[in-house]
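A short worksheet on the structure shown next.
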Amino acid sequence: MSNYFNPEFETLTREQIEALQLERLQKTVRHCMNNEFYRKKFAEAGITPDDIKSLADVRRLPFTTKQDLRDTYPFGMACVPIRDCVRLHSSSGTTGNPTVILHTQHDLDEWANQVARNLWMVGLRPDDVFQNSSGYGMFTGGLGFQYGAERMGMLTVPAAAGNSLRQIKFIKDFGTTAIHAVPSYVTRLYEVMKEEGVDPRRDTKLKVLAIGAEPHSEEQRRRIEDMMGVKAYNSFGMSEMCGPGVGFECPEQNGMHFWEDYYIVEIVDPETLEPVPDGEIGELVLTTLCREAMPLLRYRTRDLTRVLGRTCPCGRNHVRLDRMKGRSDDMMVLRGVNIFPIQIEKILMQFNELANNYLITLTTDEENDNMTVEVELAHSTDDYAHLQSLEKEIRRRLKDEILLTPIVKLVPLGTLPVSEGKAVRVVDKRKVYQ
Amino acid sequence: MTIHQLSIFIENRSGTLIKVLEAFKEAKIQLIASTIADTAEYGILRIVCAEPMRACEELKKAGIAVALSDVFALQLDNKPGSAADVIKLFSQAGISITYIYTFLMRGKGILVFRTNNTDLARKTIAENNLPYIAEGDLAEWA
């Protein structure tokens, strides 16, 4: 069988990709004229669809933001009549109006094709058994992987998140060979396996994990691979684009291929909004090229990453992006220093003594802002001096990484809150001075 | 010559000790001796119990991380100065005591301790013919 699910599009040359992108961008921009929001935006920017003559002209288009989606809630960004839509996904809306993403049947088909392409890329084939241990419902990781895995032809188990004992039973009874879950849930699953005396290498047929939806470090990925004895591939998705499927690692595990037949990928300086050179970190901006119900032009994802390359030994010339450094929204500013949770995680994962769960709490103590890092100890110990030197060494390495010294607290295994969705890693209890 | 002691890393927070003790109750395993050394943030709860291996399994099942370590348990004569006499032997051999606690068994004082040199401590006990408690004696206790 071919190494490619969709060889025609996966193996395009750079020239072919760019030609296809221009054609699809022109079509998308014309399609956007069906929507009042975009007509107004184009008028303000003084452009018409005819102005898009080269791929570089994408930079003449206005940016779209999450706030635009909130302001037009619920259906204000639809480019087709609502009767032509067959599904919507909505975000939680904890900070204002929720956002709504609409899909036509064509959009759902193309979404499934992207996910299927990714799963095929990492070596899965129709005789594999795919267990989707991800939240269903509005969270796109559920239905997105479900339809993609089915499209590829695998037996697909919609296990959803949680109930770890039942998950393990499914893995054993159904001969599950691949799992999709958020990384923090994989580590939780492994803890339960250990308690139940299940060895993933000996007692399961697992060979592939798809992990995503939470930023995670290379160290955490390696740790998950060591625990489960399988390859773990990083998946990038966001509901605004469709959901999972947008970017995925190939077997080279050297960055995620973002599918440029579906998206135009730009990396811009979040302050100036000007493009940054390849290799430099900036904000990921995506333009959809195949969406009918709700195309998004130059959508500011808030995710920070960089271009690693545009070719790959796997034969796919779709741009490779580094794992997300974090969301610009996740960035903590403590005593004037910019810190991402992923930096803390990277250090913690270097210690074998530590388990995978950690919690960062920011507090104000008199006038000073402080950071407390609580991390679970993987094993108990009879040796005090070791605990003290361990704390000291964690503090030292964290200071090297983030330039300030946090309070480090070791806590027993299983005492930090476990979430079955995305893990909560940062609690900000600081006083805000107005 | 040594017995298994359970060491449990616990937080200084109400409710953490009871979780461990409930697990023992649930498993119907009797505690024989215990001690907690604490710092501001956490403590290590050390336990000698009737069936340490089973206790270890049961605690793990209850989601409690536990470490097993080998400690010495020497039987003392019930008279003043017996602890001093015993510890002096170790001191003379150049062995440091890491921690120590006591309990009573069959009316005799038992000294539980860990040293910085287990091999040398074994030798000292053998050479001086010191009466020690073996793991089997703990089961009998229960």
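Following the order of the structure tokens, first chain is A, next is B, and so on, with residues numbered from 1 inside each chain and ligands from 1 in the order they appear.
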
### Task
Using only C-alpha atoms, determine which residues lie at most 12 Å from His4 of chain B, disregarding the query and same-chain residues fewer than 2 positions distant; provide the list as an MDAnalysis selection string.
(chainID A and resid 382) or (chainID B and resid 1:2 6:7 46:56 66:73 112:114 133:139)

For C-alpha atoms, I'd like the residues from the last selection saved as a compact mmCIF listing (two decimals), in the first residue's frame.
```
# COMPACT_ATOMS: atom_id res chain seq x y z
CA ASP A 382 12.57 7.02 52.82
CA MET B 1 18.17 -9.48 59.93
CA THR B 2 16.15 -6.53 58.64
CA LEU B 6 6.85 1.37 54.61
CA SER B 7 7.72 4.99 53.85
CA ARG B 46 7.26 5.50 58.40
CA ILE B 47 5.33 2.42 59.36
CA VAL B 48 6.16 -1.02 60.73
CA CYS B 49 3.18 -3.32 60.33
CA ALA B 50 2.14 -6.94 60.43
CA GLU B 51 2.27 -7.79 56.71
CA PRO B 52 4.43 -5.15 55.04
CA MET B 53 4.43 -6.71 51.56
CA ARG B 54 0.67 -7.03 51.44
CA ALA B 55 0.30 -3.57 52.98
CA CYS B 56 2.48 -2.19 50.21
CA VAL B 66 4.89 3.92 49.02
CA ALA B 67 8.56 2.96 49.30
CA LEU B 68 9.78 -0.20 51.02
CA SER B 69 13.02 0.06 52.90
CA ASP B 70 15.05 -2.32 55.04
CA VAL B 71 15.44 -1.23 58.65
CA PHE B 72 16.86 -2.93 61.70
CA ALA B 73 14.67 -3.78 64.69
CA VAL B 112 13.82 0.53 64.90
CA PHE B 113 16.54 2.34 62.97
CA ARG B 114 18.25 2.88 59.68
CA ILE B 133 13.24 -9.01 65.17
CA ALA B 134 12.72 -10.75 61.83
CA GLU B 135 9.85 -10.12 59.45
CA GLY B 136 8.15 -13.35 60.49
CA ASP B 137 7.94 -12.09 64.07
CA LEU B 138 5.80 -9.20 62.85
CA ALA B 139 3.17 -11.53 61.40
```

Each residue of chain A lying at most 7 Å from chain B should get a row with its shortest atom-to-atom pair and the distance in Å to one decimal, counting only C-alpha atoms; could you produce that, ordered by chain and increasing number, as CSV?
```
residue,atom,partner,partner_atom,distance
A:Glu195,CA,B:Lys61,CA,6.1
A:His379,CA,B:Ala65,CA,5.7
A:Ser380,CA,B:Val66,CA,4.8
A:Thr381,CA,B:Ala67,CA,5.3
A:Asp382,CA,B:Ser7,CA,5.4
A:Val411,CA,B:Glu11,CA,6.2
A:Pro412,CA,B:Ile10,CA,5.9
A:Leu413,CA,B:Ala65,CA,6.2
A:Gly414,CA,B:Gly63,CA,7.0
```

### Query
Can you tell me, as a VMD selection string, what residues are no more than 10 Å from Ser54 of chain A when counting only C-alpha atoms, ignoring any on the same chain fewer than 2 positions away?
chain A and resid 18 to 19 21 to 23 25 to 26 51 to 52 56 to 58

Writer output for current selection, N, CA, C and O atoms, as a PDB file, in the first residue's frame:
```pdb
ATOM      1  N   GLU A  18       1.946  26.231  -4.358  1.00  0.00           N
ATOM      2  CA  GLU A  18       1.671  27.664  -4.382  1.00  0.00           C
ATOM      3  C   GLU A  18       0.682  28.033  -5.490  1.00  0.00           C
ATOM      4  O   GLU A  18      -0.172  28.913  -5.294  1.00  0.00           O
ATOM      5  N   ALA A  19       0.768  27.347  -6.606  1.00  0.00           N
ATOM      6  CA  ALA A  19      -0.193  27.595  -7.683  1.00  0.00           C
ATOM      7  C   ALA A  19      -1.598  27.217  -7.230  1.00  0.00           C
ATOM      8  O   ALA A  19      -2.570  27.960  -7.454  1.00  0.00           O
ATOM      9  N   GLN A  21      -2.635  27.063  -4.156  1.00  0.00           N
ATOM     10  CA  GLN A  21      -3.066  27.979  -3.097  1.00  0.00           C
ATOM     11  C   GLN A  21      -3.634  29.270  -3.690  1.00  0.00           C
ATOM     12  O   GLN A  21      -4.652  29.777  -3.210  1.00  0.00           O
ATOM     13  N   LEU A  22      -2.970  29.798  -4.718  1.00  0.00           N
ATOM     14  CA  LEU A  22      -3.453  31.049  -5.316  1.00  0.00           C
ATOM     15  C   LEU A  22      -4.851  30.844  -5.886  1.00  0.00           C
ATOM     16  O   LEU A  22      -5.758  31.641  -5.649  1.00  0.00           O
ATOM     17  N   GLU A  23      -5.007  29.751  -6.622  1.00  0.00           N
ATOM     18  CA  GLU A  23      -6.300  29.462  -7.238  1.00  0.00           C
ATOM     19  C   GLU A  23      -7.392  29.350  -6.161  1.00  0.00           C
ATOM     20  O   GLU A  23      -8.475  29.924  -6.276  1.00  0.00           O
ATOM     21  N   LEU A  25      -7.251  30.501  -3.051  1.00  0.00           N
ATOM     22  CA  LEU A  25      -7.412  31.750  -2.300  1.00  0.00           C
ATOM     23  C   LEU A  25      -8.355  32.688  -3.059  1.00  0.00           C
ATOM     24  O   LEU A  25      -9.249  33.292  -2.469  1.00  0.00           O
ATOM     25  N   GLN A  26      -8.146  32.774  -4.370  1.00  0.00           N
ATOM     26  CA  GLN A  26      -9.006  33.660  -5.171  1.00  0.00           C
ATOM     27  C   GLN A  26     -10.465  33.224  -5.058  1.00  0.00           C
ATOM     28  O   GLN A  26     -11.369  34.042  -4.875  1.00  0.00           O
ATOM     29  N   ASP A  51      -8.212  42.048  -6.653  1.00  0.00           N
ATOM     30  CA  ASP A  51      -6.873  42.493  -6.255  1.00  0.00           C
ATOM     31  C   ASP A  51      -5.945  41.346  -5.875  1.00  0.00           C
ATOM     32  O   ASP A  51      -4.750  41.552  -5.687  1.00  0.00           O
ATOM     33  N   ILE A  52      -6.489  40.156  -5.704  1.00  0.00           N
ATOM     34  CA  ILE A  52      -5.647  39.015  -5.314  1.00  0.00           C
ATOM     35  C   ILE A  52      -5.068  38.399  -6.587  1.00  0.00           C
ATOM     36  O   ILE A  52      -5.696  37.567  -7.242  1.00  0.00           O
ATOM     37  N   ALA A  56       1.309  36.419  -2.664  1.00  0.00           N
ATOM     38  CA  ALA A  56       1.767  37.441  -1.709  1.00  0.00           C
ATOM     39  C   ALA A  56       0.651  38.429  -1.392  1.00  0.00           C
ATOM     40  O   ALA A  56       0.671  39.097  -0.356  1.00  0.00           O
ATOM     41  N   ASP A  57      -0.349  38.518  -2.282  1.00  0.00           N
ATOM     42  CA  ASP A  57      -1.449  39.455  -2.049  1.00  0.00           C
ATOM     43  C   ASP A  57      -2.314  39.054  -0.850  1.00  0.00           C
ATOM     44  O   ASP A  57      -3.154  39.840  -0.405  1.00  0.00           O
ATOM     45  N   VAL A  58      -2.078  37.851  -0.328  1.00  0.00           N
ATOM     46  CA  VAL A  58      -2.823  37.441   0.866  1.00  0.00           C
ATOM     47  C   VAL A  58      -2.583  38.470   1.970  1.00  0.00           C
ATOM     48  O   VAL A  58      -3.448  38.719   2.811  1.00  0.00           O
TER      49      VAL A  58
END
```

### Query
Running DSSP on the backbone, which parts of segment 104-141 of chain A land in strand (DSSP E), as number ranges by chain?
A: 129-132

Atoms to include: N, CA and C atoms. Write the selected residues as a tab-separated table (two decimals), in the first residue's frame.
```tsv
chain	number	residue	atom	x	y	z
A	129	VAL	N	-7.09	-0.73	14.74
A	129	VAL	CA	-8.23	-0.41	15.61
A	129	VAL	C	-7.91	0.88	16.35
A	130	PHE	N	-8.75	1.87	16.15
A	130	PHE	CA	-8.48	3.23	16.63
A	130	PHE	C	-9.43	3.58	17.77
A	131	GLN	N	-8.86	3.87	18.92
A	131	GLN	CA	-9.68	4.24	20.08
A	131	GLN	C	-9.54	5.73	20.34
A	132	ASN	N	-10.65	6.42	20.26
A	132	ASN	CA	-10.60	7.88	20.43
A	132	ASN	C	-10.98	8.25	21.85
```

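Atom pair atom CA of Val285 of chain A / atom CA of Leu273 of chain A: separated by 9.7 Å.
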
### Summary
Atom pair atom CA of Cys79 of chain A + atom CA of Met33 of chain A, distance 7.9 Å

### Interatomic distance (Å, one decimal) between atom CA of Leu74 of chain B and atom CA of Leu17 of chain B
27.2 Å

Excluding same-chain residues fewer than 6 positions from Thr177 of chain A, what lies within 12 Å of it counting only C-alpha atoms, as a short mmCIF file (atom, residue, chain, number, x, y, z; two decimals) with C-alpha atoms, in the first residue's frame?
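Wrote around34.cif, looks like this:
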```cif
data_model
loop_
_atom_site.label_atom_id
_atom_site.label_comp_id
_atom_site.auth_asym_id
_atom_site.auth_seq_id
_atom_site.Cartn_x
_atom_site.Cartn_y
_atom_site.Cartn_z
CA LEU A 119 -3.50 8.83 10.48
CA GLY A 123 1.49 4.16 9.50
CA LEU A 124 -2.11 3.31 10.37
CA ARG A 125 -4.05 1.24 7.86
CA PRO A 126 -7.65 0.01 7.56
CA ASP A 127 -6.96 -3.13 9.63
CA ASP A 128 -5.94 -1.04 12.64
CA VAL A 129 -8.23 -0.41 15.61
CA PHE A 130 -8.48 3.23 16.63
CA GLN A 131 -9.68 4.24 20.08
CA ASN A 132 -10.60 7.88 20.43
CA MET A 154 -10.30 1.69 10.65
CA LEU A 155 -12.51 0.09 13.24
CA THR A 156 -13.09 3.15 15.41
CA VAL A 157 -13.99 3.06 19.10
CA PHE A 170 -11.39 -1.73 25.51
CA ILE A 171 -7.70 -1.54 24.61
CA PRO A 200 1.25 -1.65 27.61
CA ARG A 201 4.15 -3.40 25.85
CA ASP A 203 -0.55 -6.74 27.32
CA THR A 204 -1.70 -4.50 24.47
CA LYS A 205 -1.28 -4.19 20.70
CA LEU A 206 -0.75 -0.44 20.84
CA LYS A 207 1.65 1.02 18.30
CA VAL A 208 0.63 4.62 17.70
CA LEU A 209 -0.57 7.50 19.84
CA ALA A 210 -1.92 10.75 18.48
CA MET A 228 3.68 3.30 26.57
CA GLY A 229 6.34 1.75 24.37
CA VAL A 230 4.88 3.30 21.20
CA LYS A 231 5.43 6.26 18.91
#
```

### Spatial neighbours of Asp109 of chain A, 12 Å, only C-alpha atoms, chain gap at least 3 places, as number ranges by chain
A: 86-87, 103-106, 112-116, 144, 147-148, 150-152, 242, 290-292

Okay, now the selection with C-alpha atoms, as a PDB file, in the first residue's frame?
```pdb
ATOM      1  CA  VAL A  86     -25.196  20.403   8.599  1.00  0.00           C
ATOM      2  CA  ARG A  87     -23.269  20.900  11.827  1.00  0.00           C
ATOM      3  CA  HIS A 103     -19.889  23.232   8.534  1.00  0.00           C
ATOM      4  CA  THR A 104     -21.499  22.133   5.293  1.00  0.00           C
ATOM      5  CA  GLN A 105     -21.392  18.462   4.317  1.00  0.00           C
ATOM      6  CA  HIS A 106     -18.479  19.321   2.016  1.00  0.00           C
ATOM      7  CA  ALA A 112     -12.390  13.841   7.603  1.00  0.00           C
ATOM      8  CA  ASN A 113     -10.005  13.634   4.650  1.00  0.00           C
ATOM      9  CA  GLN A 114      -7.394  15.705   6.490  1.00  0.00           C
ATOM     10  CA  VAL A 115      -7.579  13.556   9.603  1.00  0.00           C
ATOM     11  CA  ALA A 116      -7.489  10.368   7.522  1.00  0.00           C
ATOM     12  CA  GLY A 144     -13.052  15.060  14.173  1.00  0.00           C
ATOM     13  CA  TYR A 147     -14.962  10.683  11.123  1.00  0.00           C
ATOM     14  CA  GLY A 148     -11.316  10.772  10.017  1.00  0.00           C
ATOM     15  CA  GLU A 150     -13.700   5.936   9.819  1.00  0.00           C
ATOM     16  CA  ARG A 151     -12.852   7.606   6.519  1.00  0.00           C
ATOM     17  CA  MET A 152      -9.506   5.839   6.598  1.00  0.00           C
ATOM     18  CA  CYS A 242     -12.325  22.658  11.601  1.00  0.00           C
ATOM     19  CA  CYS A 290     -11.486  24.792   1.135  1.00  0.00           C
ATOM     20  CA  ARG A 291     -14.147  25.887   3.591  1.00  0.00           C
ATOM     21  CA  GLU A 292     -17.664  26.613   2.331  1.00  0.00           C
TER      22      GLU A 292
END
```

### Query
Hey, what's within 10 Å of Ser90 of chain A if we count only C-alpha atoms and toss same-chain stuff fewer than 3 positions away? As a ChimeraX atom specification, please?
/A:74,93,98-102,137-140,239-240

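Nearest to Ile95 of chain B of all the residues B:Ala121, B:Ala126, B:Leu111, B:Ile18 is B:Ala121, based on only C-alpha atoms.
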
### Query
Got a sec: who's within 8 Å of Phe340 of chain A, counting only C-alpha atoms, leaving out chain neighbours fewer than 6 positions off, as a ChimeraX atom specification?
/A:325-326,330-332
